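In what follows, a structure is listed as structure tokens, so that the remarks can point back to it.
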Protein chains: 2
Amino acid sequence: MNEPSFPPLLTGHAVDAGEDPFERACAGARDAEFGAGDLVWSRALDRTAMALVLEPDVDRQRSREMIFVAMVACADAVGANIPPEIGFTWMWPTTLRANGARVGEVRYAEARTDAEDGAPDWIVVGLEITLFDATPREVEPGETPDRTTFFDEGAGDIEADELISSIARHWTTWIHRWDSDGFAPVHEAWLFRADGHKKTINLKTAEGPAEGVFLGVDEAGNLLLKEEGGAVRALSLSRELGLADDRQGA
Amino acid sequence: MNEPSFPPLLTGHAVDAGEDPFERACAGARDAEFGAGDLVWSRALDRTAMALVLEPDVDRQRSREMIFVAMVACADAVGANIPPEIGFTWMWPTTLRANGARVGEVRYAEARTDAEDGAPDWIVVGLEITLFDATPREVEPGETPDRTTFFDEGAGDIEADELISSIARHWTTWIHRWDSDGFAPVHEAWLFRADGHKKTINLKTAEGPAEGVFLGVDEAGNLLLKEEGGAVRALSLSRELGLADDRQGA
């Protein structure tokens with residue numbers, strides 16, 4: 001595997017295929033070994049796995065907008081590297097999909113401690129996309145229609161290092177855009193690839209089953225669902241991801 | 001002094017007024033305590049002093065373009081924070097000027113070791129601007145016309161923390177632009193505020209006195225001077241700053 005290249009503000013740290021870059025990034029951030037701009041990436045060939053440490057100067061709720069920032073950045077990088085006929089979409093909150101089946105996910109962790117300004121000391125956003133099945137499957141293709149790989153969808157040419165380099169660049173672009181222009185452009189780009197937008201969806205959530213018209217997400221990343229009868233319900237992102245609620249929230 | 005705020009990819013590290021943030025950043029980068037995106041800033045009130053660690057994935061010559069990136073970013077931040085009637089310009093290679101007199105400087109250091117890809121392991125770019133004279137001067141104003149402060153030029157209102165925050169944001173913007181679009185837009189913005197551009201200038205340089213029409217800088221940051229007779233001479237940036245010459249250079 002070639003070394004990925006990173007933009008000037010990022011510091012790359014490689015981990016072997018057996019190690020989880022997200023866990024490594026969280027441990028490094030907790031120990032103050034890592035700070036903003038440290039990006040841990042896996043040398044695994046069968047998947048793109050990477051995790052970025054950030055220190056946004058905003059509160060916990062707004063920090064979680066970085067989940068959506070990562071997703072739109074990932075989509076831009078994927079769009080530049082895989083055939084356009086492969087539909088790359090997602091389902092709230094963190095599932096990445098290729099042609100409708102699960103191909104990866106976003107992960108998120110945040111410091112329990114706050115910096116002086118009320119912002120979490122650090123957050124870690126992880127991205128993982130399955131490129132191909134490293135272990136032979138005991139099932140026939142098509143038997144697990146809810147999960148797929150880029151290879152299975154016809155994007156077998158992509159190299160993990162190229163995708164990592166591309167994601168890193170698009171990620172800094174989108175972080176920068178978020179910092180300059182706020183959540184609105186991120187939200188717009190995110191809705192563009194969100195499965196079920198403006199349609200009636202059914203979800204199993206941490207709060208139980210939910211059904212309604214998927215309107216969008218609010219600034220805390222909660223899913224806005226217009227239920228039968230017209231009331232708008234906000235499904236909690238923090239509850240869905242098992243994060244501690246905001247001080248000012250709830 | 002209020003805490004400056006930084007964009008998500010930067011990690012701020014404060015030093016007391018007595019400590020030099022540039023030296024601190026270099027020591028931290030050397031010891032691998034700091035990496036890309038670590039920004040050391042001074043709590044001094046009389047000056048804005050800060051230094052950013054970067055790890056560009058380009059060779060030494062191109063890495064030095066970051067000197068010019070810092071200057072144009074600084075100008076954008078200064079322009080947003082001081083009265084427009086104060087002329088903020090610079091003289092190659094690293095002198096910052098207010099209304100024609102020296103008000104600050106850019107500093108630059110680079111690792112002696114290369115990363116595997118031939119890029120320096122790290123670089124540090126420092127910025128220093130004098131806001132006011134912290135110690136009473138023994139000379140009358142006007143007696144040192146070659147040096148000034150923002151206060152002396154009528155920009156006494158600006159707070160160091162605001163300027164630091166603003167520079168940090170414009171800096172990441174310009175680094176990002178450089179990463180996306182290369183040196184050309186940086187060069188263009190830099191020439192716009194370069195004293196003596198397209199005019200005949202006299203310079204005392206490390207290579208001795210030089211005279212000619214100041215045409216621009218090349219991709220290695222060398223000053224291009226059209227001498228009498230028409231020959232174009234490149235004044236070496238690396239020699240001017242006392243940096244080791246490139247492997248591929250000289």
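If you're wondering about the labels, chains in the structure tokens are A, B, ... by order shown, residues count from 1 in each chain, ligands from 1 in order shown.
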Quick one: contact table of chain B to chain A, 9 Å max, nearest atom pair and distance in Å to one decimal per residue, counting only C-alpha atoms, chain and number order, as a Markdown table?
| residue | atom | partner | partner_atom | distance |
| --- | --- | --- | --- | --- |
| B:Glu3 | CA | A:Asp117 | CA | 8.9 |
| B:Ser5 | CA | A:Asp57 | CA | 6.6 |
| B:Phe6 | CA | A:Asp57 | CA | 6.7 |
| B:Pro7 | CA | A:Pro56 | CA | 6.5 |
| B:Pro8 | CA | A:Pro56 | CA | 4.2 |
| B:Leu9 | CA | A:Gly37 | CA | 4.9 |
| B:Leu10 | CA | A:Ala36 | CA | 5.5 |
| B:Thr11 | CA | A:Ala36 | CA | 5.4 |
| B:Glu33 | CA | A:Glu33 | CA | 8.0 |
| B:Phe34 | CA | A:Gly35 | CA | 8.9 |
| B:Gly35 | CA | A:Thr11 | CA | 6.3 |
| B:Ala36 | CA | A:Leu9 | CA | 5.0 |
| B:Gly37 | CA | A:Leu9 | CA | 4.9 |
| B:Asp38 | CA | A:Ala36 | CA | 7.7 |
| B:Val53 | CA | A:Leu9 | CA | 8.2 |
| B:Leu54 | CA | A:Pro8 | CA | 5.5 |
| B:Glu55 | CA | A:Pro8 | CA | 5.0 |
| B:Pro56 | CA | A:Pro8 | CA | 4.2 |
| B:Asp57 | CA | A:Ser5 | CA | 6.6 |
| B:Asp117 | CA | A:Glu3 | CA | 8.8 |
| B:Arg169 | CA | A:Ser180 | CA | 8.7 |
| B:Thr172 | CA | A:His176 | CA | 7.8 |
| B:Thr173 | CA | A:His176 | CA | 7.2 |
| B:Ile175 | CA | A:Pro8 | CA | 7.4 |
| B:His176 | CA | A:Thr173 | CA | 7.2 |
| B:Asp179 | CA | A:Pro7 | CA | 6.7 |
| B:Ser180 | CA | A:Arg169 | CA | 8.7 |
Could you save the residues just selected, with N, CA and C atoms, as a PDB file, in the first residue's frame?
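Full text of part.pdb as output:
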ATOM      1  N   GLU B   3      -9.100  34.792  25.555  1.00  0.00           N
ATOM      2  CA  GLU B   3      -8.530  33.687  24.782  1.00  0.00           C
ATOM      3  C   GLU B   3      -8.904  33.871  23.319  1.00  0.00           C
ATOM      4  N   SER B   5      -9.907  32.490  19.634  1.00  0.00           N
ATOM      5  CA  SER B   5     -10.581  31.259  19.212  1.00  0.00           C
ATOM      6  C   SER B   5      -9.961  30.787  17.903  1.00  0.00           C
ATOM      7  N   PHE B   6      -9.946  29.473  17.743  1.00  0.00           N
ATOM      8  CA  PHE B   6      -9.251  28.895  16.593  1.00  0.00           C
ATOM      9  C   PHE B   6     -10.171  28.000  15.786  1.00  0.00           C
ATOM     10  N   PRO B   7      -9.917  27.896  14.487  1.00  0.00           N
ATOM     11  CA  PRO B   7     -10.704  26.962  13.667  1.00  0.00           C
ATOM     12  C   PRO B   7     -10.449  25.512  14.080  1.00  0.00           C
ATOM     13  N   PRO B   8     -11.372  24.607  13.692  1.00  0.00           N
ATOM     14  CA  PRO B   8     -11.360  23.238  14.239  1.00  0.00           C
ATOM     15  C   PRO B   8     -10.077  22.452  14.009  1.00  0.00           C
ATOM     16  N   LEU B   9      -9.346  22.775  12.955  1.00  0.00           N
ATOM     17  CA  LEU B   9      -8.149  21.984  12.655  1.00  0.00           C
ATOM     18  C   LEU B   9      -6.904  22.495  13.373  1.00  0.00           C
ATOM     19  N   LEU B  10      -7.026  23.587  14.100  1.00  0.00           N
ATOM     20  CA  LEU B  10      -5.867  24.126  14.811  1.00  0.00           C
ATOM     21  C   LEU B  10      -5.981  23.860  16.306  1.00  0.00           C
ATOM     22  N   THR B  11      -4.840  23.569  16.923  1.00  0.00           N
ATOM     23  CA  THR B  11      -4.769  23.432  18.371  1.00  0.00           C
ATOM     24  C   THR B  11      -3.917  24.575  18.908  1.00  0.00           C
ATOM     25  N   GLU B  33       6.522  16.682  19.810  1.00  0.00           N
ATOM     26  CA  GLU B  33       5.422  17.017  20.717  1.00  0.00           C
ATOM     27  C   GLU B  33       4.319  17.731  19.918  1.00  0.00           C
ATOM     28  N   PHE B  34       4.729  18.521  18.948  1.00  0.00           N
ATOM     29  CA  PHE B  34       3.784  19.234  18.092  1.00  0.00           C
ATOM     30  C   PHE B  34       3.809  18.648  16.689  1.00  0.00           C
ATOM     31  N   GLY B  35       2.676  18.743  16.021  1.00  0.00           N
ATOM     32  CA  GLY B  35       2.577  18.344  14.622  1.00  0.00           C
ATOM     33  C   GLY B  35       1.765  19.374  13.868  1.00  0.00           C
ATOM     34  N   ALA B  36       1.389  19.021  12.652  1.00  0.00           N
ATOM     35  CA  ALA B  36       0.639  19.941  11.804  1.00  0.00           C
ATOM     36  C   ALA B  36      -0.596  20.453  12.530  1.00  0.00           C
ATOM     37  N   GLY B  37      -0.818  21.752  12.472  1.00  0.00           N
ATOM     38  CA  GLY B  37      -2.002  22.348  13.071  1.00  0.00           C
ATOM     39  C   GLY B  37      -1.807  22.833  14.497  1.00  0.00           C
ATOM     40  N   ASP B  38      -0.624  22.578  15.068  1.00  0.00           N
ATOM     41  CA  ASP B  38      -0.359  23.147  16.391  1.00  0.00           C
ATOM     42  C   ASP B  38       0.078  24.598  16.215  1.00  0.00           C
ATOM     43  N   VAL B  53       2.834  25.144  13.195  1.00  0.00           N
ATOM     44  CA  VAL B  53       3.543  23.969  12.697  1.00  0.00           C
ATOM     45  C   VAL B  53       2.746  23.396  11.522  1.00  0.00           C
ATOM     46  N   LEU B  54       3.435  23.094  10.448  1.00  0.00           N
ATOM     47  CA  LEU B  54       2.793  22.516   9.272  1.00  0.00           C
ATOM     48  C   LEU B  54       3.610  21.333   8.772  1.00  0.00           C
ATOM     49  N   GLU B  55       2.945  20.442   8.059  1.00  0.00           N
ATOM     50  CA  GLU B  55       3.631  19.316   7.435  1.00  0.00           C
ATOM     51  C   GLU B  55       3.179  19.203   5.981  1.00  0.00           C
ATOM     52  N   PRO B  56       3.644  20.112   5.154  1.00  0.00           N
ATOM     53  CA  PRO B  56       3.202  20.035   3.759  1.00  0.00           C
ATOM     54  C   PRO B  56       3.853  18.828   3.080  1.00  0.00           C
ATOM     55  N   ASP B  57       3.083  18.183   2.213  1.00  0.00           N
ATOM     56  CA  ASP B  57       3.605  17.011   1.491  1.00  0.00           C
ATOM     57  C   ASP B  57       4.321  17.430   0.213  1.00  0.00           C
ATOM     58  N   ASP B 117       8.623  10.921   1.728  1.00  0.00           N
ATOM     59  CA  ASP B 117       8.275  11.456   0.417  1.00  0.00           C
ATOM     60  C   ASP B 117       9.154  12.635  -0.001  1.00  0.00           C
ATOM     61  N   ARG B 169      -7.806  32.204  11.319  1.00  0.00           N
ATOM     62  CA  ARG B 169      -8.832  31.815  10.347  1.00  0.00           C
ATOM     63  C   ARG B 169      -8.396  32.101   8.914  1.00  0.00           C
ATOM     64  N   THR B 172      -5.747  29.504   7.774  1.00  0.00           N
ATOM     65  CA  THR B 172      -6.254  28.204   7.303  1.00  0.00           C
ATOM     66  C   THR B 172      -6.931  28.351   5.941  1.00  0.00           C
ATOM     67  N   THR B 173      -7.611  29.479   5.715  1.00  0.00           N
ATOM     68  CA  THR B 173      -8.212  29.715   4.405  1.00  0.00           C
ATOM     69  C   THR B 173      -7.154  29.699   3.309  1.00  0.00           C
ATOM     70  N   ILE B 175      -4.021  28.548   3.430  1.00  0.00           N
ATOM     71  CA  ILE B 175      -3.349  27.245   3.319  1.00  0.00           C
ATOM     72  C   ILE B 175      -4.200  26.317   2.470  1.00  0.00           C
ATOM     73  N   HIS B 176      -5.489  26.377   2.732  1.00  0.00           N
ATOM     74  CA  HIS B 176      -6.392  25.546   1.969  1.00  0.00           C
ATOM     75  C   HIS B 176      -6.383  25.939   0.487  1.00  0.00           C
ATOM     76  N   ASP B 179      -3.310  24.690  -1.108  1.00  0.00           N
ATOM     77  CA  ASP B 179      -3.375  23.243  -1.300  1.00  0.00           C
ATOM     78  C   ASP B 179      -4.246  22.877  -2.501  1.00  0.00           C
ATOM     79  N   SER B 180      -5.312  23.660  -2.705  1.00  0.00           N
ATOM     80  CA  SER B 180      -6.223  23.371  -3.816  1.00  0.00           C
ATOM     81  C   SER B 180      -5.707  23.923  -5.142  1.00  0.00           C
TER      82      SER B 180
END
Please give the complete set of residues from range 95-126 of chain A that DSSP, run on the backbone, assigns to strand (DSSP E), formatted as a PDB file with C-alpha atoms, in the first residue's frame.
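Final output, saved to selection_4.pdb:
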ATOM      1  CA  THR A  95     -24.958   4.611   7.928  1.00  0.00           C
ATOM      2  CA  LEU A  96     -23.203   4.910   4.564  1.00  0.00           C
ATOM      3  CA  ARG A  97     -24.748   3.076   1.628  1.00  0.00           C
ATOM      4  CA  ALA A  98     -23.768   2.003  -1.889  1.00  0.00           C
ATOM      5  CA  ALA A 101     -27.005  -1.375   0.946  1.00  0.00           C
ATOM      6  CA  ARG A 102     -24.810  -0.655   3.948  1.00  0.00           C
ATOM      7  CA  VAL A 103     -21.177  -0.129   2.887  1.00  0.00           C
ATOM      8  CA  GLY A 104     -19.784   1.783   5.836  1.00  0.00           C
ATOM      9  CA  GLU A 105     -20.421   4.047   8.756  1.00  0.00           C
ATOM     10  CA  VAL A 106     -19.401   7.179  10.577  1.00  0.00           C
ATOM     11  CA  ARG A 107     -18.338   7.012  14.215  1.00  0.00           C
ATOM     12  CA  TYR A 108     -18.199   9.780  16.760  1.00  0.00           C
ATOM     13  CA  ALA A 109     -16.750  10.323  20.210  1.00  0.00           C
ATOM     14  CA  GLU A 110     -16.301  13.403  22.341  1.00  0.00           C
ATOM     15  CA  ILE A 123     -13.953  15.185  19.365  1.00  0.00           C
ATOM     16  CA  VAL A 124     -13.071  12.272  17.109  1.00  0.00           C
ATOM     17  CA  VAL A 125     -14.920  11.565  13.871  1.00  0.00           C
ATOM     18  CA  GLY A 126     -14.282   8.217  12.214  1.00  0.00           C
TER      19      GLY A 126
END
With only C-alpha atoms as the counted atoms, please give the residues lying no more than 6 Å from range 222-225 of chain A, apart from itself and same-chain residues fewer than 3 positions off, as a PyMOL selection string. chain A and resi 212-218+232-237
Take the residues from that selection and write them out as an mmCIF file, in the first residue's frame, keeping N, CA and C atoms.
data_model
loop_
_atom_site.group_PDB
_atom_site.id
_atom_site.type_symbol
_atom_site.label_atom_id
_atom_site.label_comp_id
_atom_site.auth_asym_id
_atom_site.auth_seq_id
_atom_site.Cartn_x
_atom_site.Cartn_y
_atom_site.Cartn_z
ATOM 1 N N GLY A 212 -42.705 8.755 9.841
ATOM 2 C CA GLY A 212 -43.150 10.087 9.461
ATOM 3 C C GLY A 212 -42.396 10.559 8.243
ATOM 4 N N VAL A 213 -42.711 11.783 7.819
ATOM 5 C CA VAL A 213 -42.026 12.361 6.662
ATOM 6 C C VAL A 213 -40.712 12.998 7.146
ATOM 7 N N PHE A 214 -39.638 12.558 6.520
ATOM 8 C CA PHE A 214 -38.287 12.980 6.894
ATOM 9 C C PHE A 214 -38.033 14.380 6.313
ATOM 10 N N LEU A 215 -38.095 15.390 7.196
ATOM 11 C CA LEU A 215 -37.977 16.779 6.748
ATOM 12 C C LEU A 215 -36.536 17.266 6.635
ATOM 13 N N GLY A 216 -35.680 16.785 7.514
ATOM 14 C CA GLY A 216 -34.303 17.273 7.545
ATOM 15 C C GLY A 216 -33.705 17.020 8.914
ATOM 16 N N VAL A 217 -32.609 17.693 9.224
ATOM 17 C CA VAL A 217 -32.045 17.610 10.575
ATOM 18 C C VAL A 217 -31.908 19.027 11.116
ATOM 19 N N ASP A 218 -31.944 19.150 12.433
ATOM 20 C CA ASP A 218 -31.746 20.479 13.015
ATOM 21 C C ASP A 218 -30.272 20.686 13.345
ATOM 22 N N VAL A 232 -44.264 17.822 14.367
ATOM 23 C CA VAL A 232 -42.884 17.523 14.004
ATOM 24 C C VAL A 232 -42.144 17.005 15.237
ATOM 25 N N ARG A 233 -41.594 15.817 15.093
ATOM 26 C CA ARG A 233 -40.877 15.177 16.180
ATOM 27 C C ARG A 233 -39.383 15.204 15.857
ATOM 28 N N ALA A 234 -38.568 15.510 16.870
ATOM 29 C CA ALA A 234 -37.113 15.504 16.677
ATOM 30 C C ALA A 234 -36.535 14.257 17.327
ATOM 31 N N LEU A 235 -35.969 13.377 16.514
ATOM 32 C CA LEU A 235 -35.320 12.180 17.061
ATOM 33 C C LEU A 235 -33.908 12.565 17.493
ATOM 34 N N SER A 236 -33.586 12.273 18.729
ATOM 35 C CA SER A 236 -32.344 12.763 19.323
ATOM 36 C C SER A 236 -31.110 12.059 18.763
ATOM 37 N N LEU A 237 -30.213 12.844 18.192
ATOM 38 C CA LEU A 237 -28.945 12.294 17.707
ATOM 39 C C LEU A 237 -28.104 11.779 18.868
#
Please produce, as a Markdown table, a per-residue contact table for range 101-219 of chain A versus range 44-48 of chain A (criterion: any atom at most 9 Å away, only C-alpha atoms considered), showing the nearest atom pair and its distance in Å to one decimal, sorted by chain then residue number.
| residue | atom | partner | partner_atom | distance |
| --- | --- | --- | --- | --- |
| A:Leu127 | CA | A:Thr48 | CA | 7.6 |
| A:Glu128 | CA | A:Thr48 | CA | 5.5 |
| A:Ile129 | CA | A:Thr48 | CA | 5.1 |
| A:Thr130 | CA | A:Arg47 | CA | 4.4 |
| A:Leu131 | CA | A:Arg47 | CA | 4.8 |
| A:Phe132 | CA | A:Asp46 | CA | 5.2 |
| A:Asp133 | CA | A:Asp46 | CA | 6.5 |
| A:Ala134 | CA | A:Asp46 | CA | 5.8 |
| A:Thr149 | CA | A:Arg47 | CA | 8.9 |
| A:Glu159 | CA | A:Leu45 | CA | 7.6 |
| A:Ala160 | CA | A:Thr48 | CA | 5.4 |
| A:Asp161 | CA | A:Thr48 | CA | 7.9 |
| A:Leu163 | CA | A:Thr48 | CA | 7.2 |
| A:Ile164 | CA | A:Thr48 | CA | 6.6 |
Let me see the file: selected residues, N, CA, C and O atoms, as a PDB file, in the first residue's frame.
ATOM      1  N   LEU A 127     -14.436   7.404   9.963  1.00  0.00           N
ATOM      2  CA  LEU A 127     -15.107   6.979   8.730  1.00  0.00           C
ATOM      3  C   LEU A 127     -14.633   5.580   8.394  1.00  0.00           C
ATOM      4  O   LEU A 127     -13.436   5.290   8.476  1.00  0.00           O
ATOM      5  N   GLU A 128     -15.543   4.719   8.008  1.00  0.00           N
ATOM      6  CA  GLU A 128     -15.143   3.381   7.586  1.00  0.00           C
ATOM      7  C   GLU A 128     -15.982   2.963   6.389  1.00  0.00           C
ATOM      8  O   GLU A 128     -17.205   3.067   6.415  1.00  0.00           O
ATOM      9  N   ILE A 129     -15.314   2.523   5.336  1.00  0.00           N
ATOM     10  CA  ILE A 129     -15.979   2.051   4.121  1.00  0.00           C
ATOM     11  C   ILE A 129     -15.366   0.711   3.741  1.00  0.00           C
ATOM     12  O   ILE A 129     -14.137   0.579   3.701  1.00  0.00           O
ATOM     13  N   THR A 130     -16.209  -0.279   3.456  1.00  0.00           N
ATOM     14  CA  THR A 130     -15.707  -1.599   3.067  1.00  0.00           C
ATOM     15  C   THR A 130     -15.421  -1.622   1.573  1.00  0.00           C
ATOM     16  O   THR A 130     -16.326  -1.383   0.760  1.00  0.00           O
ATOM     17  N   LEU A 131     -14.164  -1.900   1.219  1.00  0.00           N
ATOM     18  CA  LEU A 131     -13.795  -1.939  -0.205  1.00  0.00           C
ATOM     19  C   LEU A 131     -14.062  -3.316  -0.797  1.00  0.00           C
ATOM     20  O   LEU A 131     -14.585  -3.429  -1.891  1.00  0.00           O
ATOM     21  N   PHE A 132     -13.652  -4.376  -0.093  1.00  0.00           N
ATOM     22  CA  PHE A 132     -13.979  -5.731  -0.545  1.00  0.00           C
ATOM     23  C   PHE A 132     -13.985  -6.645   0.672  1.00  0.00           C
ATOM     24  O   PHE A 132     -13.501  -6.268   1.754  1.00  0.00           O
ATOM     25  N   ASP A 133     -14.507  -7.855   0.481  1.00  0.00           N
ATOM     26  CA  ASP A 133     -14.558  -8.810   1.582  1.00  0.00           C
ATOM     27  C   ASP A 133     -13.215  -9.497   1.742  1.00  0.00           C
ATOM     28  O   ASP A 133     -12.793 -10.251   0.870  1.00  0.00           O
ATOM     29  N   ALA A 134     -12.551  -9.261   2.837  1.00  0.00           N
ATOM     30  CA  ALA A 134     -11.216  -9.821   3.044  1.00  0.00           C
ATOM     31  C   ALA A 134     -11.288 -11.319   3.324  1.00  0.00           C
ATOM     32  O   ALA A 134     -10.398 -12.071   2.974  1.00  0.00           O
ATOM     33  N   THR A 149     -20.081  -4.116  -0.533  1.00  0.00           N
ATOM     34  CA  THR A 149     -18.737  -3.547  -0.576  1.00  0.00           C
ATOM     35  C   THR A 149     -18.619  -2.765  -1.877  1.00  0.00           C
ATOM     36  O   THR A 149     -19.399  -2.963  -2.807  1.00  0.00           O
ATOM     37  N   GLU A 159      -8.105   2.238  -4.743  1.00  0.00           N
ATOM     38  CA  GLU A 159      -7.105   1.855  -3.749  1.00  0.00           C
ATOM     39  C   GLU A 159      -7.396   2.603  -2.452  1.00  0.00           C
ATOM     40  O   GLU A 159      -7.761   3.776  -2.466  1.00  0.00           O
ATOM     41  N   ALA A 160      -7.180   1.914  -1.351  1.00  0.00           N
ATOM     42  CA  ALA A 160      -7.467   2.533  -0.056  1.00  0.00           C
ATOM     43  C   ALA A 160      -6.674   3.827   0.129  1.00  0.00           C
ATOM     44  O   ALA A 160      -7.212   4.830   0.599  1.00  0.00           O
ATOM     45  N   ASP A 161      -5.385   3.824  -0.254  1.00  0.00           N
ATOM     46  CA  ASP A 161      -4.571   5.030  -0.011  1.00  0.00           C
ATOM     47  C   ASP A 161      -5.080   6.228  -0.805  1.00  0.00           C
ATOM     48  O   ASP A 161      -5.049   7.356  -0.322  1.00  0.00           O
ATOM     49  N   LEU A 163      -8.202   6.714  -1.767  1.00  0.00           N
ATOM     50  CA  LEU A 163      -9.453   7.180  -1.177  1.00  0.00           C
ATOM     51  C   LEU A 163      -9.182   7.940   0.129  1.00  0.00           C
ATOM     52  O   LEU A 163      -9.798   8.979   0.396  1.00  0.00           O
ATOM     53  N   ILE A 164      -8.230   7.454   0.914  1.00  0.00           N
ATOM     54  CA  ILE A 164      -7.875   8.151   2.157  1.00  0.00           C
ATOM     55  C   ILE A 164      -7.358   9.559   1.858  1.00  0.00           C
ATOM     56  O   ILE A 164      -7.783  10.537   2.479  1.00  0.00           O
TER      57      ILE A 164
END
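Shortest atom-to-atom contact with His170 in chain A among A:Ala75, A:Asp59, A:Arg30, A:Asn2: A:Ala75, counting only C-alpha atoms.
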Please, what distance in Å, to one decimal, runs between CA of Leu191 in chain A and CA of Gly154 in chain A? 24.9 Å
Can you list, as number ranges by chain, every residue of range 89-177 of chain A that DSSP puts in helix (DSSP H, G or I)? A: 160-177
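Comparing the minimum interatomic distances between Cys74 in chain B and each of B:Glu19, B:Ser165, B:Gly208, B:Arg24, counting only C-alpha atoms, we find that B:Ser165 sits nearest.
Between CA of Glu207 in chain A and CA of Asn99 in chain A lies a distance of 27.7 Å.
Among the candidate residues A:Asp152, A:Gly229, A:Gln61, A:Pro84, the one lying nearest to Ala119 in chain A is A:Gln61, with distances computed using only C-alpha atoms.
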All residues 9 Å or closer to Trp171 in chain B, only C-alpha atoms, same chain fewer than 5 positions away omitted, as a PyMOL selection string: chain B and resi 69-74+76-77+166+176
Create the file for the chosen residues now, containing all heavy atoms and written as a short mmCIF file (atom, residue, chain, number, x, y, z; two decimals), in the first residue's frame.
data_model
loop_
_atom_site.label_atom_id
_atom_site.label_comp_id
_atom_site.auth_asym_id
_atom_site.auth_seq_id
_atom_site.Cartn_x
_atom_site.Cartn_y
_atom_site.Cartn_z
N VAL B 69 2.24 32.47 1.98
CA VAL B 69 0.88 32.17 2.43
C VAL B 69 0.59 32.88 3.74
O VAL B 69 -0.47 33.51 3.92
CB VAL B 69 0.70 30.63 2.59
CG1 VAL B 69 -0.60 30.32 3.32
CG2 VAL B 69 0.75 29.93 1.23
N ALA B 70 1.54 32.84 4.68
CA ALA B 70 1.35 33.50 5.98
C ALA B 70 1.18 35.00 5.81
O ALA B 70 0.35 35.63 6.47
CB ALA B 70 2.53 33.19 6.90
N MET B 71 1.95 35.58 4.90
CA MET B 71 1.88 37.03 4.73
C MET B 71 0.54 37.48 4.16
O MET B 71 -0.05 38.45 4.64
CB MET B 71 3.05 37.49 3.86
CG MET B 71 4.38 37.37 4.59
SD MET B 71 5.83 37.47 3.48
CE MET B 71 6.26 39.21 3.63
N VAL B 72 0.06 36.79 3.14
CA VAL B 72 -1.22 37.22 2.56
C VAL B 72 -2.37 36.97 3.54
O VAL B 72 -3.32 37.75 3.62
CB VAL B 72 -1.50 36.56 1.19
CG1 VAL B 72 -0.45 36.98 0.17
CG2 VAL B 72 -1.58 35.06 1.27
N ALA B 73 -2.27 35.91 4.33
CA ALA B 73 -3.29 35.66 5.34
C ALA B 73 -3.27 36.76 6.39
O ALA B 73 -4.32 37.27 6.80
CB ALA B 73 -3.05 34.30 6.00
N CYS B 74 -2.10 37.13 6.80
CA CYS B 74 -1.93 38.20 7.79
C CYS B 74 -2.54 39.50 7.26
O CYS B 74 -3.24 40.21 7.99
CB CYS B 74 -0.44 38.36 8.07
SG CYS B 74 -0.06 39.56 9.33
N ASP B 76 -4.95 39.87 5.09
CA ASP B 76 -6.41 39.79 5.10
C ASP B 76 -6.95 40.05 6.50
O ASP B 76 -7.96 40.73 6.68
CB ASP B 76 -6.87 38.41 4.62
CG ASP B 76 -6.90 38.32 3.09
OD1 ASP B 76 -6.56 39.31 2.43
OD2 ASP B 76 -7.27 37.24 2.57
N ALA B 77 -6.29 39.47 7.49
CA ALA B 77 -6.74 39.66 8.88
C ALA B 77 -6.53 41.09 9.33
O ALA B 77 -7.40 41.70 9.96
CB ALA B 77 -6.00 38.69 9.80
N SER B 166 -8.29 36.20 14.17
CA SER B 166 -8.55 36.53 12.77
C SER B 166 -7.44 35.99 11.86
O SER B 166 -7.72 35.42 10.80
CB SER B 166 -8.66 38.06 12.64
OG SER B 166 -8.96 38.43 11.32
N HIS B 176 -5.49 26.38 2.73
CA HIS B 176 -6.39 25.55 1.97
C HIS B 176 -6.38 25.94 0.49
O HIS B 176 -6.36 25.09 -0.40
CB HIS B 176 -7.79 25.66 2.55
CG HIS B 176 -8.73 24.73 1.90
ND1 HIS B 176 -8.67 23.38 2.10
CD2 HIS B 176 -9.70 24.94 0.99
CE1 HIS B 176 -9.58 22.81 1.35
NE2 HIS B 176 -10.21 23.73 0.67
#
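Closest to Phe192 in chain B among B:Glu162, B:Phe88, B:Ala206, B:Pro93 is B:Phe88, based on only C-alpha atoms.
Ranking B:Ile201, B:Phe68, B:Phe151, B:Ala115 by their shortest atom-to-atom distance to Glu188 in chain B, with only C-alpha atoms included, puts B:Phe68 first.
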